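For reference, final.txt is printed below; it contains compact mmCIF, C-alpha atoms.
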```
# COMPACT_ATOMS: atom_id res chain seq x y z
CA MET A 1 7.20 50.69 11.34
CA GLN A 2 9.46 50.16 14.36
CA THR A 3 12.78 48.59 13.29
CA ASN A 4 15.00 49.41 16.29
CA TRP A 5 14.77 46.89 19.10
CA ARG A 6 16.65 45.56 22.08
CA ILE A 7 15.66 41.99 22.85
CA THR A 8 16.75 41.31 26.41
CA ASN A 9 17.30 38.30 28.69
CA GLY A 10 16.72 35.68 25.99
CA ARG A 11 18.68 32.54 25.22
CA ILE A 12 20.27 33.46 21.90
CA ILE A 13 20.72 30.33 19.77
CA ASP A 14 22.60 31.00 16.53
CA PRO A 15 24.16 27.73 15.30
CA ALA A 16 25.62 29.33 12.16
CA ASN A 17 27.89 31.42 14.38
CA GLY A 18 28.34 28.99 17.27
CA VAL A 19 26.33 31.07 19.72
CA ASP A 20 24.21 29.64 22.52
CA GLN A 21 24.09 32.05 25.43
CA THR A 22 21.79 34.25 27.46
CA GLY A 23 22.06 37.89 26.56
CA ASP A 24 20.67 40.82 24.63
CA LEU A 25 20.25 41.31 20.89
CA LEU A 26 20.26 44.83 19.48
CA ILE A 27 18.53 45.53 16.18
CA ILE A 28 19.06 48.85 14.39
CA GLY A 29 17.35 49.76 11.15
CA GLY A 30 16.11 46.23 10.57
CA ARG A 31 19.55 44.61 10.88
CA ILE A 32 21.49 42.93 13.67
CA ALA A 33 23.73 45.53 15.31
CA SER A 34 27.46 45.09 15.75
CA ALA A 35 29.09 44.94 19.18
CA GLY A 36 29.58 48.43 20.55
CA GLU A 37 26.85 50.08 18.50
CA GLU A 38 24.68 52.46 20.50
CA ALA A 39 20.93 52.04 20.50
CA PRO A 40 19.01 54.94 18.89
CA PRO A 41 16.69 56.92 21.18
CA ASP A 42 13.58 55.31 19.69
CA THR A 43 14.74 51.74 20.45
CA ALA A 44 11.95 49.65 21.96
CA GLU A 45 12.57 46.76 24.32
CA ILE A 46 11.31 43.19 24.22
CA ASP A 47 11.82 41.07 27.33
CA ALA A 48 12.57 37.51 26.18
CA ALA A 49 13.23 36.00 29.60
CA GLY A 50 12.69 32.25 29.51
CA CYS A 51 12.56 32.25 25.71
CA TRP A 52 14.84 31.32 22.83
CA VAL A 53 15.88 34.06 20.43
CA VAL A 54 16.72 32.38 17.12
CA PRO A 55 17.18 33.25 13.45
CA GLY A 56 13.85 33.48 11.67
CA LEU A 57 12.62 30.03 10.69
CA THR A 58 12.44 29.04 7.01
CA ASP A 59 9.92 26.52 5.68
CA MET A 60 11.21 25.36 2.32
CA HIS A 61 8.09 23.39 1.37
CA VAL A 62 4.62 24.92 1.52
CA HIS A 63 1.56 24.96 -0.73
CA LEU A 64 -0.17 28.34 -0.85
CA ARG A 65 -2.76 27.36 -3.52
CA GLU A 66 -2.63 30.75 -5.24
CA PRO A 67 -3.25 31.10 -8.13
CA GLY A 68 -6.24 28.88 -8.74
CA GLN A 69 -7.44 27.42 -5.44
CA GLU A 70 -7.68 30.41 -3.15
CA TYR A 71 -10.66 28.90 -1.32
CA LYS A 72 -8.16 26.54 0.36
CA GLU A 73 -5.41 29.10 1.05
CA ASP A 74 -3.89 32.16 -0.57
CA ILE A 75 -0.52 33.82 -0.36
CA LEU A 76 -1.55 36.32 2.29
CA SER A 77 -3.41 33.84 4.52
CA GLY A 78 -0.63 31.27 4.22
CA ALA A 79 1.98 33.88 5.07
CA GLN A 80 0.01 34.91 8.14
CA ALA A 81 -0.20 31.28 9.23
CA ALA A 82 3.56 31.05 8.74
CA ALA A 83 4.19 34.14 10.88
CA SER A 84 2.02 32.73 13.67
CA GLY A 85 4.10 29.56 13.54
CA GLY A 86 7.42 31.40 13.82
CA PHE A 87 8.43 31.32 10.15
CA THR A 88 9.89 34.43 8.55
CA SER A 89 10.46 32.84 5.11
CA ILE A 90 8.53 30.25 3.13
CA ALA A 91 9.06 28.67 -0.29
CA CYS A 92 5.85 27.88 -2.18
CA MET A 93 5.47 24.88 -4.46
CA PRO A 94 4.44 25.33 -8.11
CA ASN A 95 1.45 22.98 -8.29
CA THR A 96 -0.98 25.86 -8.63
CA GLU A 97 -3.56 26.50 -11.35
CA PRO A 98 -1.91 27.44 -13.65
CA VAL A 99 1.33 25.70 -12.71
CA ASN A 100 4.20 28.06 -11.92
CA ASP A 101 6.24 27.06 -14.96
CA CYS A 102 6.94 30.50 -16.42
CA ALA A 103 8.06 34.00 -15.50
CA ALA A 104 4.53 35.43 -15.62
CA VAL A 105 3.22 33.19 -12.82
CA THR A 106 6.40 33.65 -10.76
CA ALA A 107 6.11 37.42 -11.11
CA MET A 108 2.46 37.33 -10.06
CA ILE A 109 3.33 35.37 -6.93
CA ARG A 110 6.12 37.80 -6.05
CA ALA A 111 3.87 40.81 -6.59
CA ARG A 112 1.20 39.36 -4.35
CA ALA A 113 3.83 38.36 -1.78
CA ALA A 114 5.01 41.96 -1.46
CA GLN A 115 2.01 42.47 0.83
CA ALA A 116 2.57 39.26 2.82
CA ALA A 117 3.50 39.01 6.49
CA VAL A 118 6.64 36.97 5.73
CA ARG A 119 9.06 36.53 2.85
CA VAL A 120 7.57 34.30 0.14
CA TYR A 121 9.89 32.64 -2.36
CA PRO A 122 8.38 30.98 -5.44
CA VAL A 123 9.58 27.57 -6.55
CA GLY A 124 9.23 26.91 -10.28
CA ALA A 125 8.20 23.72 -12.04
CA VAL A 126 10.73 21.29 -13.49
CA SER A 127 8.55 20.57 -16.52
CA LYS A 128 5.96 22.55 -18.41
CA GLY A 129 2.64 22.09 -16.71
CA SER A 130 4.43 19.63 -14.38
CA GLU A 131 3.46 17.05 -16.98
CA GLY A 132 6.91 15.49 -17.18
CA HIS A 133 7.42 15.89 -20.93
CA GLN A 134 9.41 19.07 -21.57
CA LEU A 135 11.62 21.12 -19.27
CA ALA A 136 10.41 24.51 -18.18
CA GLU A 137 12.60 27.55 -18.89
CA PHE A 138 14.80 27.53 -15.80
CA GLY A 139 16.67 30.69 -16.76
CA GLU A 140 13.41 32.59 -17.16
CA LEU A 141 12.13 31.27 -13.84
CA ARG A 142 15.37 32.17 -12.07
CA ALA A 143 15.37 35.69 -13.49
CA ALA A 144 11.77 36.15 -12.34
CA GLY A 145 12.66 35.13 -8.77
CA ALA A 146 12.31 31.35 -8.47
CA VAL A 147 14.69 29.86 -5.89
CA ALA A 148 14.39 26.17 -6.86
CA VAL A 149 12.53 23.88 -9.25
CA THR A 150 10.30 20.86 -8.63
CA ASP A 151 7.26 19.07 -9.94
CA ASP A 152 6.22 18.43 -6.33
CA GLY A 153 2.93 16.60 -6.16
CA ARG A 154 4.16 14.53 -9.09
CA PRO A 155 7.44 12.71 -9.65
CA VAL A 156 9.60 13.37 -12.70
CA GLU A 157 9.07 9.87 -14.05
CA HIS A 158 11.33 10.05 -17.11
CA SER A 159 14.95 9.49 -16.00
CA GLN A 160 16.45 11.30 -18.99
CA LEU A 161 14.31 14.36 -18.24
CA MET A 162 15.47 14.30 -14.63
CA ARG A 163 19.08 14.06 -15.74
CA ARG A 164 18.64 17.08 -18.01
CA ALA A 165 16.84 18.95 -15.23
CA LEU A 166 19.77 18.46 -12.87
CA GLU A 167 22.25 19.61 -15.49
CA TYR A 168 20.15 22.59 -16.61
CA ALA A 169 19.43 23.69 -13.03
CA GLY A 170 23.14 23.69 -12.27
CA ASP A 171 23.65 26.37 -14.92
CA PHE A 172 21.44 28.73 -12.90
CA ASP A 173 22.48 27.66 -9.38
CA LEU A 174 19.02 26.19 -8.77
CA VAL A 175 18.47 23.08 -6.69
CA VAL A 176 16.07 20.45 -8.04
CA ILE A 177 13.64 19.28 -5.35
CA SER A 178 12.52 15.70 -5.96
CA HIS A 179 9.09 14.32 -5.19
CA SER A 180 10.42 10.77 -5.01
CA GLU A 181 7.62 8.40 -5.91
CA ASP A 182 7.26 5.43 -8.24
CA ARG A 183 3.62 5.91 -9.17
CA ALA A 184 3.25 2.39 -10.48
CA LEU A 185 3.91 1.17 -6.92
CA ALA A 186 2.16 4.06 -5.17
CA SER A 187 -1.38 3.21 -6.21
CA GLY A 188 -2.73 2.86 -2.67
CA VAL A 189 -4.03 5.31 -0.09
CA MET A 190 -1.91 4.61 3.02
CA ASN A 191 1.23 2.79 4.10
CA GLU A 192 1.31 -0.87 3.16
CA GLY A 193 1.49 -2.93 6.33
CA VAL A 194 -0.47 -4.48 9.16
CA VAL A 195 -2.71 -1.44 9.63
CA SER A 196 -3.68 -1.19 5.95
CA THR A 197 -4.56 -4.90 6.01
CA GLN A 198 -6.68 -4.46 9.13
CA LEU A 199 -8.52 -1.48 7.62
CA GLY A 200 -8.96 -3.05 4.21
CA LEU A 201 -7.24 -0.12 2.50
CA LYS A 202 -4.86 -0.50 -0.42
CA GLY A 203 -1.29 0.10 0.70
CA ILE A 204 1.71 2.01 -0.63
CA PRO A 205 5.02 0.21 0.05
CA THR A 206 8.06 2.12 1.24
CA ALA A 207 9.79 0.94 -1.94
CA ALA A 208 7.61 3.38 -3.89
CA GLU A 209 9.68 6.14 -2.28
CA SER A 210 13.09 4.51 -1.89
CA ILE A 211 13.33 3.32 -5.51
CA MET A 212 13.03 6.90 -6.73
CA VAL A 213 15.36 8.20 -4.04
CA TYR A 214 17.94 5.74 -5.37
CA ARG A 215 17.43 7.04 -8.91
CA GLU A 216 17.80 10.67 -7.87
CA ILE A 217 21.00 9.89 -5.98
CA ALA A 218 22.37 7.95 -8.95
CA LEU A 219 21.65 10.84 -11.31
CA ALA A 220 23.07 13.44 -8.93
CA GLU A 221 26.22 11.36 -8.56
CA PHE A 222 26.50 10.87 -12.33
CA THR A 223 25.99 14.53 -13.19
CA GLY A 224 27.78 16.02 -10.19
CA GLN A 225 24.77 18.24 -9.56
CA ARG A 226 22.68 18.96 -6.48
CA VAL A 227 19.41 17.25 -5.67
CA HIS A 228 17.13 17.74 -2.69
CA ILE A 229 14.78 14.96 -1.58
CA ALA A 230 11.43 16.22 -0.30
CA HIS A 231 9.27 14.78 2.52
CA VAL A 232 11.36 11.69 3.37
CA SER A 233 9.24 9.13 5.22
CA ALA A 234 10.94 5.74 4.95
CA ALA A 235 13.90 4.09 6.66
CA ALA A 236 15.08 2.61 3.35
CA SER A 237 15.28 6.09 1.82
CA ILE A 238 17.29 7.32 4.79
CA ASP A 239 19.79 4.50 4.42
CA LEU A 240 20.33 5.46 0.77
CA ILE A 241 20.77 9.15 1.58
CA ARG A 242 23.18 8.43 4.41
CA ALA A 243 25.35 6.23 2.20
CA ALA A 244 25.26 8.76 -0.63
CA LYS A 245 26.41 11.57 1.64
CA ALA A 246 29.27 9.40 2.84
CA ARG A 247 30.37 9.08 -0.80
CA GLY A 248 30.21 12.83 -1.32
CA VAL A 249 27.06 12.93 -3.44
CA ARG A 250 25.51 16.41 -3.45
CA VAL A 251 22.22 15.34 -1.89
CA THR A 252 20.21 17.07 0.82
CA ALA A 253 16.90 15.98 2.27
CA GLU A 254 13.98 17.08 4.41
CA THR A 255 11.24 15.47 6.42
CA ALA A 256 8.02 16.83 7.88
CA PRO A 257 6.83 16.91 11.50
CA HIS A 258 4.08 14.35 10.88
CA TYR A 259 6.68 11.75 9.86
CA PHE A 260 8.58 12.03 13.15
CA THR A 261 5.43 12.35 15.27
CA LEU A 262 2.78 9.98 13.88
CA THR A 263 2.60 6.49 12.45
CA ASP A 264 0.12 4.77 10.15
CA GLU A 265 -1.92 3.90 13.24
CA ALA A 266 -3.26 7.47 13.04
CA VAL A 267 -5.35 6.27 10.09
CA ILE A 268 -7.35 3.92 12.33
CA GLY A 269 -10.90 5.23 12.29
CA TYR A 270 -10.41 6.24 8.65
CA ASP A 271 -9.41 9.77 9.64
CA THR A 272 -8.78 11.58 6.34
CA ASN A 273 -6.68 14.16 8.22
CA ALA A 274 -4.11 11.37 8.51
CA LYS A 275 -4.03 10.86 4.73
CA MET A 276 -0.98 12.29 2.98
CA ASN A 277 1.58 11.48 0.31
CA PRO A 278 3.98 9.93 1.10
CA PRO A 279 1.80 8.25 3.72
CA LEU A 280 2.43 7.97 7.43
CA ARG A 281 4.69 4.98 7.91
CA SER A 282 5.47 2.36 10.56
CA ALA A 283 6.93 2.99 14.00
CA ALA A 284 10.28 1.71 12.73
CA ASP A 285 10.26 4.27 9.92
CA ARG A 286 9.38 7.02 12.38
CA GLU A 287 12.31 6.08 14.58
CA ALA A 288 14.62 6.08 11.55
CA VAL A 289 13.46 9.59 10.66
CA ARG A 290 14.12 10.81 14.19
CA ALA A 291 17.60 9.28 14.20
CA ALA A 292 18.37 10.80 10.80
CA LEU A 293 17.44 14.27 12.03
CA ALA A 294 19.90 13.82 14.87
CA ASP A 295 22.84 12.45 12.87
CA GLY A 296 22.66 14.89 9.96
CA THR A 297 21.34 12.53 7.30
CA LEU A 298 18.25 14.74 7.08
CA ASP A 299 19.08 18.41 6.66
CA ALA A 300 15.79 20.19 7.21
CA ILE A 301 12.36 20.09 8.76
CA ALA A 302 9.76 21.37 6.30
CA THR A 303 6.03 21.28 6.91
CA ASP A 304 4.68 20.36 3.44
CA HIS A 305 1.80 22.63 4.47
CA ALA A 306 -1.04 21.40 2.24
CA PRO A 307 -4.37 23.12 2.91
CA HIS A 308 -7.62 21.51 1.76
CA SER A 309 -11.21 22.49 2.41
CA ILE A 310 -13.85 20.18 3.86
CA LEU A 311 -14.93 19.48 0.28
CA GLU A 312 -11.73 17.50 -0.29
CA LYS A 313 -11.34 16.01 3.18
CA GLU A 314 -14.81 15.16 4.51
CA THR A 315 -15.34 12.28 2.12
CA GLU A 316 -14.48 8.59 1.78
CA PHE A 317 -10.88 7.80 2.66
CA ASP A 318 -10.10 6.44 -0.80
CA THR A 319 -11.16 9.64 -2.53
CA ALA A 320 -10.01 12.22 0.04
CA ALA A 321 -7.19 14.57 -0.91
CA ASN A 322 -3.68 14.02 0.43
CA GLY A 323 -2.07 16.47 2.83
CA ILE A 324 -2.36 18.44 6.04
CA ILE A 325 -1.65 21.97 7.20
CA GLY A 326 1.52 22.27 9.25
CA LEU A 327 2.87 25.82 9.61
CA GLU A 328 1.26 26.41 13.00
CA THR A 329 2.26 23.14 14.70
CA ALA A 330 5.83 22.63 13.45
CA VAL A 331 7.56 24.35 16.35
CA PRO A 332 5.89 22.43 19.21
CA LEU A 333 6.22 19.11 17.37
CA ALA A 334 9.92 19.73 16.76
CA LEU A 335 10.46 20.78 20.38
CA ALA A 336 8.99 17.45 21.47
CA LEU A 337 12.15 15.90 20.02
CA VAL A 338 14.21 18.05 22.40
CA ARG A 339 12.18 16.90 25.38
CA ASP A 340 12.58 13.30 24.19
CA GLY A 341 16.37 13.72 24.07
CA VAL A 342 16.54 13.18 20.30
CA LEU A 343 17.75 16.68 19.38
CA ASP A 344 19.34 19.57 21.23
CA PRO A 345 18.01 23.12 20.78
CA GLY A 346 20.82 24.12 18.42
CA ARG A 347 20.08 21.21 16.12
CA VAL A 348 16.39 22.16 15.94
CA VAL A 349 17.35 25.70 14.94
CA ALA A 350 19.76 24.37 12.33
CA LEU A 351 17.05 22.14 10.85
CA MET A 352 14.39 24.86 10.79
CA ALA A 353 16.37 28.03 10.08
CA VAL A 354 20.02 27.63 9.10
CA ASN A 355 19.92 24.68 6.70
CA PRO A 356 16.75 25.46 4.73
CA ALA A 357 18.00 28.97 3.99
CA ALA A 358 21.39 27.60 2.93
CA ILE A 359 19.89 24.92 0.64
CA LEU A 360 17.80 27.52 -1.19
CA GLY A 361 20.48 30.22 -1.10
CA LEU A 362 18.33 32.65 0.87
CA GLU A 363 19.34 35.55 3.02
CA GLY A 364 18.82 34.75 6.68
CA GLY A 365 19.44 31.80 8.94
CA ASN A 366 21.85 33.62 11.24
CA LEU A 367 22.10 36.46 13.74
CA ALA A 368 25.54 37.77 12.74
CA PRO A 369 26.17 41.53 12.95
CA GLY A 370 24.86 43.13 9.79
CA ALA A 371 22.47 40.29 9.01
CA VAL A 372 18.87 41.08 8.23
CA ALA A 373 16.82 41.03 11.44
CA ASP A 374 14.59 38.06 10.71
CA VAL A 375 14.10 36.80 14.26
CA THR A 376 11.84 34.30 15.97
CA ILE A 377 11.27 34.24 19.71
CA ILE A 378 10.13 30.87 21.03
CA ASP A 379 8.81 30.06 24.49
CA PRO A 380 9.76 26.38 24.87
CA GLU A 381 7.52 25.97 27.92
CA ARG A 382 4.35 27.58 26.58
CA GLU A 383 1.57 24.98 26.61
CA PHE A 384 -1.64 25.23 24.62
CA VAL A 385 -4.41 23.10 23.22
CA TYR A 386 -4.55 23.44 19.44
CA THR A 387 -8.21 24.04 18.63
CA ALA A 388 -10.04 24.94 15.41
CA ASP A 389 -10.72 28.50 16.58
CA GLN A 390 -6.96 29.09 16.86
CA VAL A 391 -6.14 28.01 13.31
CA VAL A 392 -4.87 30.92 11.20
CA SER A 393 -4.83 29.06 7.89
CA LYS A 394 -8.00 29.11 5.78
CA SER A 395 -8.14 25.32 6.06
CA ARG A 396 -8.46 23.05 9.11
CA ASN A 397 -7.15 19.74 7.78
CA THR A 398 -4.83 18.62 10.56
CA PRO A 399 -4.70 15.53 12.77
CA PHE A 400 -3.37 17.65 15.64
CA LEU A 401 -6.61 19.45 16.54
CA GLY A 402 -7.30 18.86 20.20
CA TRP A 403 -3.68 18.00 21.01
CA ARG A 404 -2.02 19.62 24.02
CA LEU A 405 1.23 21.00 22.62
CA LYS A 406 4.24 22.52 24.34
CA GLY A 407 6.49 25.19 22.87
CA ARG A 408 5.32 28.08 20.76
CA ALA A 409 6.57 31.02 18.73
CA VAL A 410 5.56 34.12 20.67
CA LEU A 411 7.01 36.74 18.30
CA THR A 412 8.02 36.76 14.65
CA MET A 413 10.07 39.64 13.25
CA VAL A 414 10.84 40.21 9.56
CA GLY A 415 13.44 42.82 8.68
CA GLY A 416 13.09 44.30 12.13
CA GLU A 417 9.31 44.64 11.87
CA VAL A 418 7.13 42.61 14.22
CA ARG A 419 4.78 40.62 12.00
CA TYR A 420 3.28 38.42 14.69
CA ARG A 421 3.02 38.63 18.47
CA LEU A 422 1.17 35.96 20.46
CA PRO A 423 -1.71 37.64 22.26
CA GLY A 424 -1.39 37.75 26.00
```
Let's see the structure in the file written out as structure tokens.
Amino acid sequence: MQTNWRITNGRIIDPANGVDQTGDLLIIGGRIASAGEEAPPDTAEIDAAGCWVVPGLTDMHVHLREPGQEYKEDILSGAQAAASGGFTSIACMPNTEPVNDCAAVTAMIRARAAQAAVRVYPVGAVSKGSEGHQLAEFGELRAAGAVAVTDDGRPVEHSQLMRRALEYAGDFDLVVISHSEDRALASGVMNEGVVSTQLGLKGIPTAAESIMVYREIALAEFTGQRVHIAHVSAAASIDLIRAAKARGVRVTAETAPHYFTLTDEAVIGYDTNAKMNPPLRSAADREAVRAALADGTLDAIATDHAPHSILEKETEFDTAANGIIGLETAVPLALALVRDGVLDPGRVVALMAVNPAAILGLEGGNLAPGAVADVTIIDPEREFVYTADQVVSKSRNTPFLGWRLKGRAVLTMVGGEVRYRLPG
């Protein structure tokens, strides 16, 4: 495979090294070349005029459904969807069948991922079977290749177990990712508010999220350990995270593109593609999420890519599965924040490449000389209508079908090898 490249005329945006300038990027042997290095004779050229050349994007929160539900997605199809969306690394959640709570499942995922288009990093379960009763063997998971632990899809309801998880994870330099949800409060199917009342659907209050965010912060502060809050959707949660960071608590947090793009009004018409957990919130919550991305309260944009077949989605709203696919629409939705003046390009790259890699301790996230050549080229002006025939994922559960989007990954390179190039 070709691993020597000269990318020319692009806007190189590398926040980790303070670079934002038009120029060329030389890649030799799958790594970023140092200044003064000569290009080998077989170096190929890529003209990136009008495009951004950025460190390969990392999505730290995806569901690949393998093992157990490969009819929705599998590791190879999910990785290809990631490559088409500009991601060079993805971290897959453990709520598979069986749950990734042991070295055997982690090793299986890694073996399968060796054939994938992008780097796939398994995330192990906090508790055995994600049942919330007994901690999984974190050391075993770490040795097998897990990069974090979570019971995502379920909260760790027992506070003492969460405390022990934070302490135990610290011994292996693993971050605990919290699915922050009080399930006693979260018994509805959409955000509790005016829209849920109008539709006659049972609501989920924002307190169902923020109460558990408060607990995770309190435990992280008490233990001195790291915690990462997944899929933040509510203004109250953001206020808690912002205050905790000001006190020096070791908390990081992510949100997903649907939370800074949509509101609970997307549910009108009972569209099950607008059903997710946590649910789409109010316009005020959306604005709080956007502000938190800008001011550093939120550290990362992660898609929470959650594929489901029509069997789970084309049904009554109350019984439909939660979640949407997101790997292929994350870049244009994030770039909309640039056009709206909420974020600058460097901040988008930090949220989607630099910070996720740093939180998980992954290689990548920068274009420094000697760094692995995981590179994404983005055309910020490329417009397209996102239609079902363009979807790379096995599943089609997205509220963004038919949307005219602007900004697209046109090339994704992993270790100097081109793994995706936009046709045309």
Could you list, with a cut-off of 10 Å and counting all atoms listed in the file, the residues of stretch 206-274 of chain A near stretch 350-365 of chain A, each shown with its nearest atom pair and the distance in Å rounded to one decimal, rows sorted by chain and ascending number, as CSV?
```
residue,atom,partner,partner_atom,distance
A:Arg226,CA,A:Ile359,CA,9.7
A:Val227,CA,A:Ile359,CA,9.9
A:His228,CA,A:Ile359,CA,8.4
A:Thr252,CA,A:Ile359,CA,7.9
A:Ala253,CA,A:Ile359,CA,9.6
A:Glu254,CA,A:Leu351,CA,8.7
A:Thr255,CA,A:Leu351,CA,9.9
```
Shell of 12 Å around stretch 18-20 of chain A, all atoms listed in the file, local chain residues under 2 positions omitted, as an mmCIF file with C-alpha atoms, in the frame of the given file:
```
data_model
loop_
_atom_site.group_PDB
_atom_site.id
_atom_site.type_symbol
_atom_site.label_atom_id
_atom_site.label_comp_id
_atom_site.auth_asym_id
_atom_site.auth_seq_id
_atom_site.Cartn_x
_atom_site.Cartn_y
_atom_site.Cartn_z
ATOM 1 C CA GLY A 10 16.720 35.680 25.990
ATOM 2 C CA ARG A 11 18.680 32.540 25.220
ATOM 3 C CA ILE A 12 20.270 33.460 21.900
ATOM 4 C CA ILE A 13 20.720 30.330 19.770
ATOM 5 C CA ASP A 14 22.600 31.000 16.530
ATOM 6 C CA PRO A 15 24.160 27.730 15.300
ATOM 7 C CA ALA A 16 25.620 29.330 12.160
ATOM 8 C CA THR A 22 21.790 34.250 27.460
ATOM 9 C CA GLY A 23 22.060 37.890 26.560
ATOM 10 C CA ASP A 24 20.670 40.820 24.630
ATOM 11 C CA LEU A 25 20.250 41.310 20.890
ATOM 12 C CA TRP A 52 14.840 31.320 22.830
ATOM 13 C CA VAL A 53 15.880 34.060 20.430
ATOM 14 C CA VAL A 54 16.720 32.380 17.120
ATOM 15 C CA PRO A 55 17.180 33.250 13.450
ATOM 16 C CA ASP A 344 19.340 19.570 21.230
ATOM 17 C CA PRO A 345 18.010 23.120 20.780
ATOM 18 C CA GLY A 346 20.820 24.120 18.420
ATOM 19 C CA ARG A 347 20.080 21.210 16.120
ATOM 20 C CA VAL A 349 17.350 25.700 14.940
ATOM 21 C CA ALA A 350 19.760 24.370 12.330
ATOM 22 C CA VAL A 354 20.020 27.630 9.100
ATOM 23 C CA ASN A 366 21.850 33.620 11.240
ATOM 24 C CA LEU A 367 22.100 36.460 13.740
ATOM 25 C CA ALA A 368 25.540 37.770 12.740
#
```
Name the residues within 9 Å of (3.8, 39.8, 13.0), counting all atoms listed in the file in the file's coordinates, and put them as a list in words.
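Counting all atoms listed in the file, I find these residues within 9 Å of (3.8, 39.8, 13.0): Gln80, Ala83, Ser84, Ala117, Val118, Leu411, Thr412, Met413, Val414, Glu417, Val418, Arg419, Tyr420, Arg421 and Leu422 of chain A.
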A:Ala283, A:Ala81, A:Leu64, A:Ile27: which is nearest A:Val391, counting all atoms listed in the file?
A:Ala81
I want to know what sits within 9 Å of A:Ala220, based on all atoms listed in the file, with residues of the same chain fewer than 3 positions away left out; could you give that as a ChimeraX atom specification?
/A:163,166,215-217,223-227,249-251
Stretch 137-152 of chain A: which residues within 6 Å, counting all atoms listed in the file, same-chain residues fewer than 6 positions away excluded, as a PyMOL selection string?
chain A and resi 102-103+107+122-126+130+174-177+179
Just want the 8 Å neighbourhood of A:Ser77, counted on all atoms listed in the file, with same-chain residues fewer than 6 positions away dropped. Output as a list in words.
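The residues satisfying every condition are Val392, Ser393 and Lys394 of chain A.
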Using all atoms listed in the file - which residues lie no farther than 9 Å from the point (13.0, 7.4, -0.5) in the file's frame? Write them as a ChimeraX atom specification.
/A:180-181,206-214,229-241
Please indicate the distance in Å from atom CA of A:Asn273 to atom CA of A:Pro399, rounded to one decimal place.
5.1 Å
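The coordinates place atom CA of A:Thr272 at 17.8 Å from atom CA of A:Gly193.
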